[in-house]
Amino acid sequence: MFKSIVRFFRHLLSNPWQVKHHFSAQALQKIEAAITASETKHTGEIRFVVEAGLHPYEIVCKKSPRARGIELFGRLNIWDTENNNGVLIYLLLADRDVEIVADRSIDKHIGYDAWDAMCHDMEVMFRRGEFEAGVLKGIEDVTAALEKHFPVATIKNKRKRAVQRKKNELPDKPLIL
């Protein structure tokens, strides 16, 4: 009961300015650049979303960060990529909780335990106040997993140079809610 009350007030008092406190404009640009670079190495699509806190009603209804991540996965159409290869990295700042939600074609190869380990590593860094580094580490870990199972196919052009062709289906820019 006490934890529920503390969580309620932590979310009630959370504001978008807290996100800006932990993620400067420069940090958000680095995260965007990391996602852009990552997506040249695999066929997956990564989206990073950070939310300061949930609406009080959602706290009363005991919505978990996982449930919110799944909700955003659908609402932001991350599931709607051509090859069912979207990955959401969702940070709920008030709870210092991160969730990785992956589309079915990726999830069946990588699995819950691997995603959970990545989330745990990021959460440890968040508890130390290393928000930018934690997200960049998470993107690095997701990239390594996607590279292993979903590498970008290369073709040779007329000059015998490798060319990678992949369209960007999801925005690389971090989304702040």
# chains A, B, ... in the order shown; residues from 1 in each chain; ligands from 1

call {"tool": "residues_around", "arguments": {"residues": "region 61-78 of chain A", "least_positions_apart": "4", "cutoff": "6 Å", "atoms": "only C-alpha atoms", "output": "MDAnalysis selection string"}}
result
chainID A and resid 86 90 99

call {"tool": "residues_around", "arguments": {"residues": "region 111-119 of chain A", "least_positions_apart": "2", "cutoff": "10 Å", "atoms": "only C-alpha atoms", "output": "ChimeraX atom specification"}}
result
/A:89-91,97-102,104,106-109,121-124,134-135,137-142,145

call {"tool": "select_by_dssp", "arguments": {"residues": "region 37-130 of chain A", "states": "strand (DSSP E or B)", "output": "mmCIF file with C-alpha atoms, in the first residue's frame"}}
result
data_model
loop_
_atom_site.group_PDB
_atom_site.id
_atom_site.type_symbol
_atom_site.label_atom_id
_atom_site.label_comp_id
_atom_site.auth_asym_id
_atom_site.auth_seq_id
_atom_site.Cartn_x
_atom_site.Cartn_y
_atom_site.Cartn_z
ATOM 1 C CA HIS A 42 20.553 -4.288 -39.343
ATOM 2 C CA GLU A 45 13.680 -0.139 -36.731
ATOM 3 C CA ILE A 46 14.333 1.389 -33.292
ATOM 4 C CA ARG A 47 12.224 4.025 -31.561
ATOM 5 C CA PHE A 48 13.151 5.621 -28.207
ATOM 6 C CA VAL A 49 10.371 7.170 -26.113
ATOM 7 C CA VAL A 50 10.754 8.785 -22.700
ATOM 8 C CA GLU A 51 7.789 9.744 -20.566
ATOM 9 C CA GLY A 86 10.131 -2.574 -34.905
ATOM 10 C CA VAL A 87 11.695 -2.194 -31.450
ATOM 11 C CA LEU A 88 10.536 0.296 -28.827
ATOM 12 C CA ILE A 89 12.846 1.358 -26.012
ATOM 13 C CA TYR A 90 10.485 3.001 -23.513
ATOM 14 C CA LEU A 91 11.682 4.847 -20.418
ATOM 15 C CA LEU A 92 9.157 5.762 -17.720
ATOM 16 C CA ASP A 97 11.868 1.729 -15.472
ATOM 17 C CA VAL A 98 12.756 0.849 -19.032
ATOM 18 C CA GLU A 99 10.894 -1.600 -21.230
ATOM 19 C CA ILE A 100 11.891 -2.974 -24.596
ATOM 20 C CA VAL A 101 8.978 -4.068 -26.748
ATOM 21 C CA ALA A 102 9.806 -5.820 -30.009
#

call {"tool": "atom_distance", "arguments": {"atom1": "CA of Ser38 (chain A)", "atom2": "CA of Trp17 (chain A)"}}
result
28.0 Å

call {"tool": "closest_residue", "arguments": {"among": "A:Asp80, A:Glu130, A:Glu32, A:Glu39", "to": "Pro174 (chain A)", "atoms": "only C-alpha atoms"}}
result
A:Glu32

call {"tool": "closest_residue", "arguments": {"among": "A:Ile31, A:Val6, A:Leu146, A:Ala52", "to": "Ile176 (chain A)", "atoms": "only C-alpha atoms"}}
result
A:Ala52

call {"tool": "closest_atom_pairs", "arguments": {"of": "region 57-176 of chain A", "to": "region 21-24 of chain A", "cutoff": "9 Å", "atoms": "only C-alpha atoms", "output": "CSV"}}
result
residue,atom,partner,partner_atom,distance
A:Gly129,CA,A:His22,CA,8.1
A:Glu130,CA,A:His22,CA,8.5
A:Phe131,CA,A:His22,CA,6.3
A:Glu132,CA,A:Phe23,CA,6.5

call {"tool": "atom_distance", "arguments": {"atom1": "CA of Gln18 (chain A)", "atom2": "CA of Gly53 (chain A)"}}
result
9.7 Å

call {"tool": "residues_around", "arguments": {"residues": "Arg10 (chain A)", "least_positions_apart": "5", "cutoff": "9 Å", "atoms": "only C-alpha atoms", "output": "PyMOL selection string"}}
result
chain A and resi 5+53+94-95

call {"tool": "closest_residue", "arguments": {"among": "A:Tyr57, A:Trp79, A:Phe150, A:Phe126", "to": "Leu170 (chain A)", "atoms": "only C-alpha atoms"}}
result
A:Trp79

call {"tool": "closest_residue", "arguments": {"among": "A:Thr40, A:Ser4, A:Thr143, A:Asn168", "to": "Ile59 (chain A)", "atoms": "only C-alpha atoms"}}
result
A:Ser4

call {"tool": "closest_residue", "arguments": {"among": "A:Val60, A:Ile110, A:Val19, A:Leu136", "to": "Ala37 (chain A)", "atoms": "only C-alpha atoms"}}
result
A:Leu136

call {"tool": "closest_residue", "arguments": {"among": "A:Arg96, A:Lys20, A:Lys167, A:His11", "to": "Gly44 (chain A)", "atoms": "only C-alpha atoms"}}
result
A:Lys167
